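Peer 1: What follows is protein_36.cif; its format and atoms are mmCIF, C-alpha atoms and all ligand atoms.
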data_structure
#
loop_
_atom_site.label_atom_id
_atom_site.label_comp_id
_atom_site.auth_asym_id
_atom_site.auth_seq_id
_atom_site.Cartn_x
_atom_site.Cartn_y
_atom_site.Cartn_z
CA MET A 1 185.91 81.26 -156.25
CA GLU A 2 182.25 81.44 -157.02
CA LEU A 3 180.62 78.91 -159.27
CA ARG A 4 178.16 79.55 -161.99
CA THR A 5 174.84 77.97 -161.21
CA ASP A 6 172.93 78.45 -164.43
CA LYS A 7 170.21 75.94 -164.90
CA ILE A 8 170.75 73.61 -167.80
CA ASN A 9 167.89 72.29 -169.76
CA LEU A 10 169.11 68.75 -170.10
CA PHE A 11 165.76 67.57 -171.30
CA TRP A 12 165.85 69.86 -174.27
CA LEU A 13 169.43 68.93 -174.96
CA SER A 14 168.71 65.23 -174.90
CA ARG A 15 165.81 65.66 -177.28
CA LYS A 16 168.17 67.46 -179.59
CA GLY A 17 170.77 64.72 -179.28
CA LEU A 18 168.21 62.06 -179.99
CA PHE A 19 166.86 63.62 -183.14
CA ARG A 20 170.21 64.68 -184.47
CA PHE A 21 170.69 61.35 -186.19
CA LYS A 22 167.29 61.10 -187.76
CA THR A 23 167.88 57.94 -189.75
CA TRP A 24 169.41 56.14 -186.79
CA PHE A 25 166.66 57.35 -184.60
CA VAL A 26 163.93 56.06 -186.91
CA LEU A 27 165.73 52.74 -187.27
CA LYS A 28 166.00 52.38 -183.51
CA VAL A 29 162.34 53.16 -183.04
CA VAL A 30 161.36 50.63 -185.70
CA VAL A 31 163.51 47.88 -184.20
CA LEU A 32 162.25 48.64 -180.70
CA PHE A 33 158.72 48.65 -181.94
CA LEU A 34 158.98 45.25 -183.61
CA TRP A 35 160.92 43.76 -180.76
CA GLY A 36 158.51 45.16 -178.24
CA PHE A 37 155.67 43.71 -180.26
CA VAL A 38 157.12 40.20 -180.09
CA ILE A 39 157.93 40.29 -176.39
CA LEU A 40 154.84 42.14 -175.41
CA ASN A 41 152.43 39.81 -177.09
CA SER A 42 154.17 36.65 -175.97
CA TYR A 43 154.34 37.86 -172.40
CA SER A 44 150.80 39.06 -172.53
CA LEU A 45 149.77 35.63 -173.81
CA TYR A 46 151.75 33.99 -171.04
CA LEU A 47 149.97 36.05 -168.43
CA SER A 48 146.47 35.56 -169.72
CA GLN A 49 146.73 32.00 -171.06
CA PRO A 50 149.73 30.25 -169.54
CA ARG A 51 148.66 26.89 -170.93
CA LEU A 52 148.19 28.19 -174.42
CA PHE A 53 151.59 29.88 -174.14
CA GLN A 54 153.22 26.66 -172.96
CA ALA A 55 151.53 24.75 -175.74
CA SER A 56 152.92 27.10 -178.36
CA ILE A 57 156.36 27.16 -176.80
CA SER A 58 156.50 23.37 -176.61
CA ASN A 59 156.14 23.39 -180.35
CA LYS A 60 159.81 23.36 -181.31
CA PHE A 61 159.36 25.52 -184.35
CA MET A 62 157.45 28.21 -182.49
CA PHE A 63 159.96 28.22 -179.70
CA PHE A 64 162.83 28.52 -182.12
CA LEU A 65 161.09 31.32 -183.97
CA PHE A 66 160.47 33.15 -180.73
CA LEU A 67 164.11 32.94 -179.70
CA LEU A 68 165.35 33.84 -183.14
CA LEU A 69 163.18 36.91 -183.41
CA ASN A 70 164.27 38.13 -180.01
CA PHE A 71 167.88 37.51 -180.81
CA ILE A 72 167.72 39.34 -184.13
CA PHE A 73 166.03 42.37 -182.65
CA PHE A 74 168.39 42.41 -179.73
CA VAL A 75 171.45 42.32 -181.97
CA PHE A 76 170.05 44.98 -184.27
CA PHE A 77 169.17 47.29 -181.47
CA MET A 78 172.49 46.93 -179.72
CA ALA A 79 174.40 47.45 -182.96
CA LEU A 80 172.48 50.63 -183.70
CA THR A 81 172.99 51.86 -180.17
CA ILE A 82 176.71 51.21 -180.12
CA LEU A 83 177.20 52.80 -183.52
CA THR A 84 175.44 56.00 -182.56
CA PHE A 85 177.34 56.23 -179.32
CA LYS A 86 180.63 55.72 -181.09
CA LEU A 87 179.72 58.51 -183.48
CA ARG A 88 178.92 60.77 -180.58
CA GLN A 89 181.98 60.07 -178.52
CA VAL A 90 183.75 63.25 -179.60
CA GLU A 91 180.68 65.23 -178.70
CA PHE A 92 180.71 63.81 -175.17
CA GLY A 93 184.44 64.50 -174.93
CA LEU A 94 183.92 68.12 -175.90
CA TYR A 95 181.14 68.51 -173.38
CA ARG A 96 183.38 67.14 -170.66
CA CYS A 97 186.29 69.35 -171.64
CA SER A 98 184.11 72.41 -171.52
CA GLY A 99 182.85 71.66 -168.06
CA ALA A 100 180.05 69.12 -168.08
CA THR A 101 180.26 66.81 -165.09
CA ARG A 102 179.96 63.05 -165.42
CA ARG A 103 176.66 63.22 -163.71
CA GLU A 104 175.26 65.71 -166.18
CA ILE A 105 176.25 63.50 -169.08
CA ILE A 106 174.67 60.48 -167.42
CA THR A 107 171.47 62.43 -166.82
CA LEU A 108 171.51 63.44 -170.45
CA MET A 109 171.84 59.85 -171.55
CA PHE A 110 169.19 58.71 -169.13
CA ASN A 111 166.80 61.24 -170.61
CA GLU A 112 167.63 60.04 -174.08
CA SER A 113 167.06 56.39 -173.18
CA LEU A 114 163.82 57.33 -171.55
CA MET A 115 162.60 59.34 -174.49
CA LEU A 116 163.53 56.69 -176.98
CA THR A 117 161.62 54.03 -175.10
CA LEU A 118 158.64 56.27 -174.48
CA ILE A 119 158.35 57.15 -178.14
CA SER A 120 158.60 53.53 -179.24
CA PHE A 121 156.11 52.50 -176.59
CA GLY A 122 153.70 55.21 -177.45
CA LEU A 123 153.65 53.88 -180.98
CA LEU A 124 153.40 50.33 -179.77
CA PHE A 125 150.56 51.12 -177.44
CA PHE A 126 148.62 52.85 -180.15
CA PHE A 127 149.20 49.99 -182.53
CA GLU A 128 148.25 47.33 -179.99
CA ILE A 129 144.97 49.01 -179.25
CA ILE A 130 144.07 49.03 -182.91
CA PHE A 131 145.29 45.47 -183.25
CA ILE A 132 143.23 44.23 -180.31
CA TYR A 133 140.20 46.13 -181.44
CA PHE A 134 140.20 44.69 -184.94
CA PHE A 135 140.99 41.17 -183.85
CA ARG A 136 138.99 41.14 -180.64
CA LEU A 137 136.76 38.28 -181.75
CA GLU A 138 139.66 36.20 -183.02
CA ILE A 139 141.62 36.78 -179.82
CA ALA A 140 138.64 35.89 -177.68
CA GLY A 141 138.20 32.78 -179.82
CA LEU A 142 141.84 31.88 -179.40
CA PHE A 143 141.49 32.10 -175.64
CA LYS A 144 138.16 30.23 -175.82
CA VAL A 145 136.37 32.87 -173.81
CA SER A 146 133.56 35.19 -174.68
CA TYR A 147 134.42 38.72 -175.53
CA ASP A 148 133.25 40.94 -172.71
CA LEU A 149 134.41 43.75 -170.49
CA ARG A 150 136.29 41.48 -168.11
CA PHE A 151 138.21 40.06 -170.99
CA THR A 152 139.11 43.53 -172.21
CA LEU A 153 140.22 44.65 -168.77
CA GLY A 154 142.29 41.52 -168.34
CA MET A 155 143.98 42.15 -171.65
CA ALA A 156 144.67 45.74 -170.71
CA LYS A 157 146.18 44.73 -167.38
CA ASN A 158 148.44 42.13 -168.98
CA PHE A 159 149.40 44.59 -171.61
CA LEU A 160 150.49 47.13 -169.04
CA LEU A 161 152.45 44.53 -167.11
CA SER A 162 154.23 43.49 -170.27
CA LEU A 163 154.97 47.10 -171.04
CA VAL A 164 156.75 47.46 -167.72
CA LEU A 165 158.74 44.31 -168.44
CA VAL A 166 159.89 45.49 -171.86
CA PHE A 167 160.71 48.88 -170.43
CA ILE A 168 162.97 47.39 -167.78
CA LEU A 169 164.58 45.19 -170.41
CA LEU A 170 165.35 48.19 -172.58
CA MET A 171 166.75 50.29 -169.82
CA VAL A 172 168.93 47.35 -168.86
CA CYS A 173 170.52 47.15 -172.30
CA TYR A 174 170.50 50.77 -173.41
CA PHE A 175 171.37 52.76 -170.36
CA PRO A 176 174.58 50.98 -169.23
CA LEU A 177 175.95 51.34 -172.75
CA ALA A 178 175.09 55.00 -172.68
CA VAL A 179 176.93 55.37 -169.40
CA TYR A 180 179.92 53.46 -170.70
CA TYR A 181 180.32 55.61 -173.77
CA SER A 182 179.53 58.93 -172.20
CA CYS A 183 181.84 58.53 -169.23
CA LYS A 184 185.07 57.73 -170.98
CA ASP A 185 187.92 59.84 -169.77
CA PRO A 186 187.93 62.96 -171.97
CA TYR A 187 191.71 62.73 -172.10
CA GLU A 188 191.42 59.64 -174.27
CA ILE A 189 189.34 61.57 -176.76
CA VAL A 190 191.38 64.75 -177.02
CA ARG A 191 194.71 62.99 -177.15
CA TYR A 192 196.25 61.18 -180.09
CA MET B 1 198.82 85.53 -160.06
CA PHE B 2 196.61 83.05 -161.74
CA PHE B 3 198.16 79.62 -162.05
CA ARG B 4 201.10 78.48 -159.97
CA LEU B 5 202.87 75.22 -160.69
CA ILE B 6 205.21 73.86 -158.07
CA ASP B 7 207.53 71.03 -158.96
CA ILE B 8 205.06 69.36 -161.31
CA LYS B 9 206.22 65.94 -162.42
CA LYS B 10 204.51 63.63 -164.82
CA SER B 11 205.44 60.16 -165.85
CA TYR B 12 203.68 57.85 -168.26
CA GLN B 13 203.42 54.18 -167.69
CA GLY B 14 204.13 52.38 -170.95
CA GLY B 15 203.94 48.66 -170.34
CA SER B 16 206.42 47.88 -167.61
CA GLN B 17 208.45 50.97 -168.43
CA LYS B 18 207.94 54.32 -166.76
CA THR B 19 209.03 57.45 -168.57
CA LEU B 20 209.37 60.74 -166.78
CA VAL B 21 208.07 63.37 -169.19
CA LEU B 22 207.94 66.42 -166.94
CA LYS B 23 210.77 66.61 -164.45
CA GLY B 24 209.64 69.24 -161.99
CA ILE B 25 208.07 72.28 -163.58
CA ASN B 26 207.94 75.51 -161.60
CA LEU B 27 205.99 78.28 -163.21
CA ASP B 28 203.75 81.24 -162.41
CA ILE B 29 201.16 82.34 -164.92
CA ASN B 30 199.92 85.83 -164.23
CA GLU B 31 196.51 87.11 -165.08
CA GLY B 32 196.48 88.82 -168.47
CA SER B 33 199.77 87.38 -169.60
CA PHE B 34 200.54 85.86 -172.98
CA ILE B 35 202.89 82.94 -172.62
CA SER B 36 204.28 80.64 -175.22
CA PHE B 37 205.93 77.26 -174.83
CA VAL B 38 208.40 76.14 -177.43
CA GLY B 39 210.33 72.93 -177.56
CA ALA B 40 211.12 69.88 -179.58
CA SER B 41 208.54 67.29 -180.42
CA GLY B 42 207.97 65.01 -177.47
CA ALA B 43 209.33 67.52 -174.97
CA GLY B 44 206.14 67.45 -172.93
CA LYS B 45 204.39 70.66 -174.04
CA SER B 46 200.98 69.11 -174.60
CA THR B 47 201.31 67.13 -171.41
CA LEU B 48 201.85 70.35 -169.47
CA LEU B 49 198.89 72.03 -171.13
CA LEU B 50 196.58 69.10 -170.40
CA ILE B 51 197.66 69.21 -166.77
CA LEU B 52 196.72 72.90 -166.65
CA ALA B 53 193.34 71.97 -168.10
CA GLY B 54 192.79 69.32 -165.46
CA LEU B 55 192.44 66.65 -168.10
CA LEU B 56 195.58 64.93 -166.92
CA ARG B 57 196.73 64.50 -163.35
CA PRO B 58 200.36 65.19 -162.50
CA THR B 59 202.28 62.37 -160.86
CA SER B 60 203.49 64.74 -158.16
CA GLY B 61 203.73 68.43 -157.45
CA GLU B 62 201.19 71.10 -156.68
CA LEU B 63 198.95 73.17 -158.91
CA TYR B 64 197.28 76.32 -157.62
CA PHE B 65 194.69 78.49 -159.25
CA ASP B 66 193.82 81.77 -157.58
CA SER B 67 195.47 80.38 -154.44
CA LYS B 68 193.15 77.38 -154.54
CA LYS B 69 194.91 74.05 -154.55
CA LEU B 70 193.79 72.08 -157.55
CA THR B 71 195.93 69.02 -157.28
CA ARG B 72 193.50 66.91 -155.35
CA LEU B 73 190.23 68.24 -156.67
CA SER B 74 187.54 65.81 -157.68
CA ASP B 75 186.46 65.35 -161.25
CA LYS B 76 183.34 67.36 -160.54
CA GLU B 77 185.24 70.33 -159.10
CA TRP B 78 187.58 70.32 -162.07
CA SER B 79 184.57 70.37 -164.36
CA PHE B 80 183.35 73.51 -162.67
CA ILE B 81 186.71 75.18 -163.08
CA ARG B 82 186.87 74.26 -166.75
CA LYS B 83 183.35 75.48 -167.26
CA GLN B 84 184.01 78.85 -165.71
CA TYR B 85 187.57 79.73 -166.48
CA ILE B 86 189.20 77.61 -169.13
CA GLY B 87 189.05 77.49 -172.90
CA ILE B 88 191.07 74.81 -174.68
CA ILE B 89 192.36 74.35 -178.20
CA PHE B 90 193.57 70.80 -178.64
CA GLN B 91 196.50 69.80 -180.74
CA LYS B 92 194.36 67.08 -182.27
CA LYS B 93 191.83 68.49 -184.70
CA ILE B 94 188.65 67.67 -182.89
CA PHE B 95 185.26 68.54 -184.29
CA ILE B 96 181.90 66.91 -184.74
CA PRO B 97 181.64 66.01 -188.42
CA HIS B 98 177.87 65.65 -188.54
CA LEU B 99 177.24 69.11 -187.12
CA LYS B 100 177.47 72.36 -189.00
CA VAL B 101 180.14 74.95 -188.19
CA TYR B 102 177.83 77.05 -186.05
CA GLU B 103 176.58 74.04 -184.11
CA ASN B 104 180.14 72.88 -183.59
CA ILE B 105 181.03 76.27 -182.23
CA ILE B 106 178.27 76.29 -179.67
CA THR B 107 178.81 72.74 -178.34
CA PRO B 108 180.72 74.00 -175.27
CA LEU B 109 177.72 76.15 -174.42
CA SER B 110 175.42 73.15 -174.16
CA PHE B 111 176.11 72.65 -170.50
CA ILE B 112 176.54 76.25 -169.60
CA THR B 113 173.21 77.83 -170.17
CA ASP B 114 169.81 76.84 -171.24
CA LEU B 115 170.08 76.33 -174.95
CA SER B 116 166.34 76.18 -175.42
CA GLY B 117 165.53 79.74 -174.54
CA ARG B 118 168.29 81.29 -176.64
CA GLY B 119 169.58 81.65 -173.12
CA PHE B 120 173.25 81.98 -173.90
CA ASP B 121 174.89 85.11 -175.11
CA ASP B 122 174.44 84.77 -178.83
CA GLY B 123 176.04 88.16 -179.29
CA ARG B 124 179.40 86.85 -178.20
CA VAL B 125 179.20 83.94 -180.61
CA GLU B 126 178.37 86.29 -183.45
CA ASP B 127 181.14 88.71 -182.49
CA LEU B 128 183.70 85.93 -182.37
CA MET B 129 182.57 84.54 -185.71
CA GLU B 130 182.90 88.01 -187.13
CA THR B 131 186.38 88.48 -185.63
CA PHE B 132 187.60 85.19 -187.02
CA ASP B 133 185.86 85.67 -190.32
CA LEU B 134 183.64 82.61 -190.12
CA LYS B 135 180.24 84.16 -190.71
CA ALA B 136 180.06 83.03 -194.31
CA HIS B 137 180.75 79.44 -193.31
CA ARG B 138 178.27 78.96 -190.52
CA ASN B 139 176.08 76.53 -192.42
CA LYS B 140 178.89 74.46 -193.86
CA TYR B 141 180.08 71.20 -192.43
CA PRO B 142 183.60 71.15 -190.96
CA GLU B 143 184.78 68.91 -193.75
CA GLU B 144 183.94 71.61 -196.26
CA LEU B 145 186.29 74.10 -194.62
CA SER B 146 189.88 74.83 -195.48
CA GLY B 147 192.59 74.06 -192.95
CA GLY B 148 192.78 77.65 -191.77
CA GLU B 149 189.02 78.01 -191.47
CA LEU B 150 188.84 74.79 -189.47
CA GLN B 151 191.56 76.06 -187.19
CA ARG B 152 189.67 79.31 -186.68
CA MET B 153 186.49 77.36 -185.96
CA MET B 154 188.28 75.53 -183.17
CA ILE B 155 189.60 78.79 -181.76
CA VAL B 156 186.15 80.33 -181.73
CA ARG B 157 184.78 77.19 -180.08
CA SER B 158 187.31 77.53 -177.29
CA LEU B 159 186.30 81.14 -176.68
CA VAL B 160 182.50 81.03 -176.75
CA THR B 161 182.19 80.26 -173.07
CA GLY B 162 184.04 83.45 -172.24
CA PRO B 163 187.01 81.82 -170.48
CA LYS B 164 189.53 83.72 -168.40
CA ILE B 165 192.42 81.67 -169.70
CA LEU B 166 192.97 80.12 -173.10
CA LEU B 167 195.13 77.02 -173.34
CA ALA B 168 196.09 76.72 -176.98
CA ASP B 169 198.05 73.75 -178.26
CA GLU B 170 199.36 74.72 -181.67
CA PRO B 171 196.45 77.07 -182.42
CA THR B 172 197.83 77.69 -185.87
CA GLY B 173 198.23 74.01 -186.61
CA ASP B 174 200.03 73.44 -189.83
CA LEU B 175 199.10 76.74 -191.41
CA ASP B 176 201.60 78.75 -193.41
CA LEU B 177 203.40 81.58 -191.66
CA GLU B 178 201.19 84.34 -193.11
CA ASN B 179 197.95 82.80 -191.86
CA SER B 180 199.51 81.84 -188.56
CA LYS B 181 200.64 85.40 -187.96
CA GLU B 182 197.16 86.63 -188.72
CA ILE B 183 195.71 84.31 -186.08
CA ILE B 184 198.33 85.28 -183.52
CA HIS B 185 197.58 88.90 -184.27
CA ILE B 186 193.92 88.37 -183.37
CA LEU B 187 194.88 86.42 -180.25
CA LYS B 188 197.09 89.28 -179.19
CA LYS B 189 194.19 91.67 -179.55
CA ILE B 190 192.00 89.44 -177.40
CA ASN B 191 194.82 89.17 -174.88
CA LYS B 192 194.90 92.96 -174.61
CA LYS B 193 191.26 92.85 -173.56
CA GLY B 194 192.22 90.70 -170.59
CA LEU B 195 192.29 87.08 -171.69
CA THR B 196 195.25 85.13 -170.37
CA ILE B 197 196.78 82.99 -173.09
CA VAL B 198 199.10 80.01 -172.84
CA MET B 199 200.16 78.88 -176.26
CA VAL B 200 202.21 75.96 -177.46
CA THR B 201 203.98 76.27 -180.77
CA HIS B 202 206.73 74.70 -182.79
CA ASN B 203 207.49 77.89 -184.56
CA LYS B 204 210.04 80.23 -182.96
CA GLU B 205 208.85 83.23 -184.89
CA LEU B 206 205.29 82.79 -183.65
CA ALA B 207 206.49 82.15 -180.13
CA LEU B 208 208.25 85.50 -180.21
CA GLN B 209 204.90 87.21 -180.52
CA ALA B 210 204.09 86.27 -176.95
CA ARG B 211 205.19 88.40 -174.03
CA ASN B 212 206.89 85.55 -172.16
CA ILE B 213 208.52 82.62 -173.84
CA TYR B 214 209.49 79.38 -172.18
CA ARG B 215 211.45 76.57 -173.67
CA ILE B 216 210.53 73.08 -172.60
CA ASP B 217 213.38 70.74 -173.11
CA LYS B 218 213.49 67.14 -171.98
CA GLY B 219 210.88 67.83 -169.33
CA GLU B 220 212.48 70.92 -167.92
CA ILE B 221 211.40 74.50 -168.34
CA ALA B 222 213.53 77.57 -168.92
CA LYS B 223 212.57 81.15 -169.57
CA LEU B 224 213.86 82.64 -172.79
CA ILE B 225 214.79 86.28 -172.94
CA LYS B 226 213.66 88.04 -176.06
N1 LIG C 1 199.44 58.52 -172.89
C1 LIG C 1 200.77 58.40 -173.02
N2 LIG C 1 201.38 57.27 -172.68
C2 LIG C 1 202.72 57.14 -172.77
N3 LIG C 1 203.53 58.10 -173.20
C3 LIG C 1 202.98 59.28 -173.57
C4 LIG C 1 201.56 59.48 -173.50
N4 LIG C 1 201.31 60.73 -173.89
C5 LIG C 1 202.49 61.28 -174.22
N5 LIG C 1 203.49 60.43 -174.03
C6 LIG C 1 204.92 60.71 -174.24
O1 LIG C 1 205.25 61.86 -173.52
C7 LIG C 1 206.17 62.66 -174.24
C8 LIG C 1 205.65 64.08 -174.30
O2 LIG C 1 204.46 64.13 -175.07
P1 LIG C 1 203.76 65.49 -175.46
O3 LIG C 1 202.59 65.18 -176.26
O4 LIG C 1 203.54 66.27 -174.22
O5 LIG C 1 204.87 66.18 -176.34
P2 LIG C 1 204.80 67.57 -177.12
O6 LIG C 1 205.87 68.41 -176.55
O7 LIG C 1 203.43 68.09 -177.10
O8 LIG C 1 205.20 67.12 -178.58
P3 LIG C 1 204.65 67.69 -179.97
O9 LIG C 1 205.33 68.97 -180.20
O10 LIG C 1 205.08 66.66 -180.96
O11 LIG C 1 203.18 67.81 -179.86
C9 LIG C 1 206.33 62.00 -175.59
O12 LIG C 1 207.59 61.37 -175.61
C10 LIG C 1 205.22 61.00 -175.68
O13 LIG C 1 205.65 59.87 -176.36
MG MG C 2 201.97 68.39 -178.44
#
What does this structure look like when you write it as structure tokens?
Peer 2:
Amino acid sequence: MELRTDKINLFWLSRKGLFRFKTWFVLKVVVLFLWGFVILNSYSLYLSQPRLFQASISNKFMFFLFLLLNFIFFVFFMALTILTFKLRQVEFGLYRCSGATRREIITLMFNESLMLTLISFGLLFFFEIIFIYFFRLEIAGLFKVSYDLRFTLGMAKNFLLSLVLVFILLMVCYFPLAVYYSCKDPYEIVRY
Amino acid sequence: MFFRLIDIKKSYQGGSQKTLVLKGINLDINEGSFISFVGASGAGKSTLLLILAGLLRPTSGELYFDSKKLTRLSDKEWSFIRKQYIGIIFQKKIFIPHLKVYENIITPLSFITDLSGRGFDDGRVEDLMETFDLKAHRNKYPEELSGGELQRMMIVRSLVTGPKILLADEPTGDLDLENSKEIIHILKKINKKGLTIVMVTHNKELALQARNIYRIDKGEIAKLIK
């Protein structure tokens, strides 16, 4: 028995899957963007001005607000994710029944998670740069330093570090869910 | 010879109770044949079909395909076999509601060829849509189709990958006899071109259209003579 070895363009397919639910997709990007903004800036603050960060966190109200915001975004994002996966379950089942391997589906979902985060981060990055540029003097004032190249480079470094953190965080919540939903036994889907 | 089933048994575990649904099925399915399974509700017809599709593992017994033993294949190897040889029509009406008819039809192709470069054989899809009279409905959503059109959509979807064997669980669903006969008529034509068909049906009259008829009764199989 010979096996067909056609190459599958999973990247293209995942892009298609991602954009298929346009409204959901936009909502997810918005939530990720806002959430990323909160985490990113707090973490960036923590890295560049740990004392200032501690001072703001020790303020009960600020701390509460920080937790609340994170919680809300987390819940929103997870709800959106689970809903879209539930909607797509039949699609995954049909793929499996027509010969997709588990691994292919996981790769597909990995690509989707990756693309979703990259798109949100692209936006976030763009926005942050504008934000930092317009408020550079205020930010420098907040940190009680003069605004110079070293300051800018420091900000950029912290920003990148935070980006990595948020990225890991996202992959940790999105990808396992994707695997869970895409790897259900197809029998469960095609059967009553 | 295509499929060979040797003493296939299947039991379901329901709570603490175990029910034996298939009690040792022996069957040869030859290439190019048109087989139908009839039998009462709950006799185990769908169970047998899902075992042939590799979506359900038998409790015991051996399953061969082209003299290759399938019983202990991994999930990945089964996927390859489904991809290359098998088309399935499920008893449950499964479709993706948020995709149009055409997109529903080509879902099985997603993992077969590169969809980006119009890489798959679009000609076959068009031909099948023509044969099953679905061309006018390609841009509708499944929910806007009639029962018969939906049924035909699911048949076309099972055939787009160009399978060697079609496993059809009630392919005519709950259509009236006229429409059902029409569908069987088309299936017969496709069978003449070489596609092996295994069909499950409630309806005796439809079953008679097949070349070989088997009755499944209480988990046992018996050949019916026309
Ligand atoms: N997952 C399951 N768990 C437990 N019992 C099951 C399961 N699936 C099927 N059964 C039982 O196995 C028996 C055979 O089911 P099957 O679906 O194969 O019947 P069928 O011949 O296709 O019936 P119908 O004509 O109504 O579709 C039934 O009695 C059913 O209750
Ligand atoms: Mg059935």
Peer 1: Could I get the residue neighbourhood of ligand MG 2 (chain C) at 9 Å, counting all atoms listed in the file, as a VMD selection string?
Peer 2: chain B and resid 41 to 47 49 90 to 92 169 to 170 200 to 201
Peer 1: Out of B:Ile25, B:Ala40, B:Ile213, B:Leu175, which residue has the shortest atom-to-atom distance to ligand LIG 1 (chain C) when counting all atoms listed in the file?
Peer 2: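 Going through B:Ile25, B:Ala40, B:Ile213, B:Leu175 one by one, the smallest distance to ligand LIG 1 (chain C) is for B:Ala40.
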Peer 1: Starting from chain B, keep only residues with some atom at most 9 Å from an atom of chain A, counting only C-alpha atoms, and report them as a PyMOL selection string.
Peer 2: chain B and resi 50+53-56+66+68+75-84+86-88+90-96+98-99+107-116+158+161
Peer 1: Put those residues in a file: C-alpha atoms, as a compact mmCIF listing (two decimals), keeping the file's coordinate frame.
Peer 2:
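So result-v2.txt came out as:
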# COMPACT_ATOMS: atom_id res chain seq x y z
CA LEU B 50 196.58 69.10 -170.40
CA ALA B 53 193.34 71.97 -168.10
CA GLY B 54 192.79 69.32 -165.46
CA LEU B 55 192.44 66.65 -168.10
CA LEU B 56 195.58 64.93 -166.92
CA ASP B 66 193.82 81.77 -157.58
CA LYS B 68 193.15 77.38 -154.54
CA ASP B 75 186.46 65.35 -161.25
CA LYS B 76 183.34 67.36 -160.54
CA GLU B 77 185.24 70.33 -159.10
CA TRP B 78 187.58 70.32 -162.07
CA SER B 79 184.57 70.37 -164.36
CA PHE B 80 183.35 73.51 -162.67
CA ILE B 81 186.71 75.18 -163.08
CA ARG B 82 186.87 74.26 -166.75
CA LYS B 83 183.35 75.48 -167.26
CA GLN B 84 184.01 78.85 -165.71
CA ILE B 86 189.20 77.61 -169.13
CA GLY B 87 189.05 77.49 -172.90
CA ILE B 88 191.07 74.81 -174.68
CA PHE B 90 193.57 70.80 -178.64
CA GLN B 91 196.50 69.80 -180.74
CA LYS B 92 194.36 67.08 -182.27
CA LYS B 93 191.83 68.49 -184.70
CA ILE B 94 188.65 67.67 -182.89
CA PHE B 95 185.26 68.54 -184.29
CA ILE B 96 181.90 66.91 -184.74
CA HIS B 98 177.87 65.65 -188.54
CA LEU B 99 177.24 69.11 -187.12
CA THR B 107 178.81 72.74 -178.34
CA PRO B 108 180.72 74.00 -175.27
CA LEU B 109 177.72 76.15 -174.42
CA SER B 110 175.42 73.15 -174.16
CA PHE B 111 176.11 72.65 -170.50
CA ILE B 112 176.54 76.25 -169.60
CA THR B 113 173.21 77.83 -170.17
CA ASP B 114 169.81 76.84 -171.24
CA LEU B 115 170.08 76.33 -174.95
CA SER B 116 166.34 76.18 -175.42
CA SER B 158 187.31 77.53 -177.29
CA THR B 161 182.19 80.26 -173.07
Peer 1: So how far away is atom CA of Leu169 of chain A from atom CA of Phe126 of chain A, in Å?
Peer 2: 20.2 Å
Peer 1: Record the distance separating atom CA of Phe159 of chain A and atom CA of Leu47 of chain A, expressed in Å with one decimal.
Peer 2: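 Here the two named atoms are 9.1 Å from each other.
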Peer 1: For a quick check of understanding, using all atoms listed in the file, which of B:Lys188, B:Arg138, B:Arg211, B:His202 has the smallest distance to ligand LIG 1 (chain C)?
Peer 2: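 Closest to ligand LIG 1 (chain C) of all the choices is B:His202.
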Peer 1: Tell me, in Å to one decimal, how far atom N4 of ligand LIG 1 (chain C) is from atom CA of Ile89 of chain B.
Peer 2: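 Atom-to-atom, atom N4 of ligand LIG 1 (chain C) and atom CA of Ile89 of chain B are spaced 16.9 Å apart.
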Peer 1: Of the residues B:Asn191, B:Asn26, B:Thr172, B:Gln17, which is the one nearest to ligand LIG 1 (chain C), using all atoms listed in the file?
Peer 2: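 For ligand LIG 1 (chain C), the nearest of the given residues is B:Gln17.
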Peer 1: Compile the contact shell of Leu18 of chain A as number ranges by chain: residues with an atom at most 8 Å away, counting all atoms listed in the file, same-chain residues fewer than 5 positions apart removed.
Peer 2: A: 25, 112, 116
Peer 1: Nearest to Phe63 of chain A: which of A:Arg150, A:Phe76, A:Val172, A:Ser42 is it, counting only C-alpha atoms?
Peer 2: A:Ser42
Peer 1: Skipping near chain neighbours, those fewer than 6 positions away, what residues fall within 9 Å of Thr59 of chain B using all atoms listed in the file, listed as a list in words?
Peer 2: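 Listing them by chain and then by number gives Ile8, Lys9, Lys10, Ser11 and Tyr12 of chain B.
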Peer 1: If we count all atoms listed in the file, what is near segment 122-136 of chain B at a cut-off of 7 Å, once residues fewer than 5 positions away on the same chain are taken out, given as a ChimeraX atom specification?
Peer 2: /B:152,156,160
Peer 1: Tell me, as a PyMOL selection string, which residues lie within 12 Å of Leu163 of chain A, counting only C-alpha atoms; anything in the same chain fewer than 2 positions away does not count.
Peer 2: chain A and resi 33+35-44+117-118+120-122+124-125+128+156-161+165-170
Peer 1: What box, with edges along x, y and z, holds each listed atom of segment 56-66 of chain A when 8 Å is added on every side, and can you state its centre and edge lengths in Å to one decimal, as JSON?
Peer 2:
{"center_x": 157.9, "center_y": 28.3, "center_z": -180.5, "size_x": 25.9, "size_y": 25.8, "size_z": 23.7}
Peer 1: For each of B:Lys218, B:Leu73, B:Gly39, B:Glu182, take the minimum atom-to-atom distance to Leu20 of chain B, counting all atoms listed in the file, then give the residue where this is smallest.
Peer 2: B:Lys218
Peer 1: Have a look at B:Leu63, B:Val21, B:Ile106, B:Ile225 and name the one nearest to ligand LIG 1 (chain C); count only C-alpha atoms and all ligand atoms.
Peer 2: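 Selected residue with least distance to ligand LIG 1 (chain C): B:Val21.
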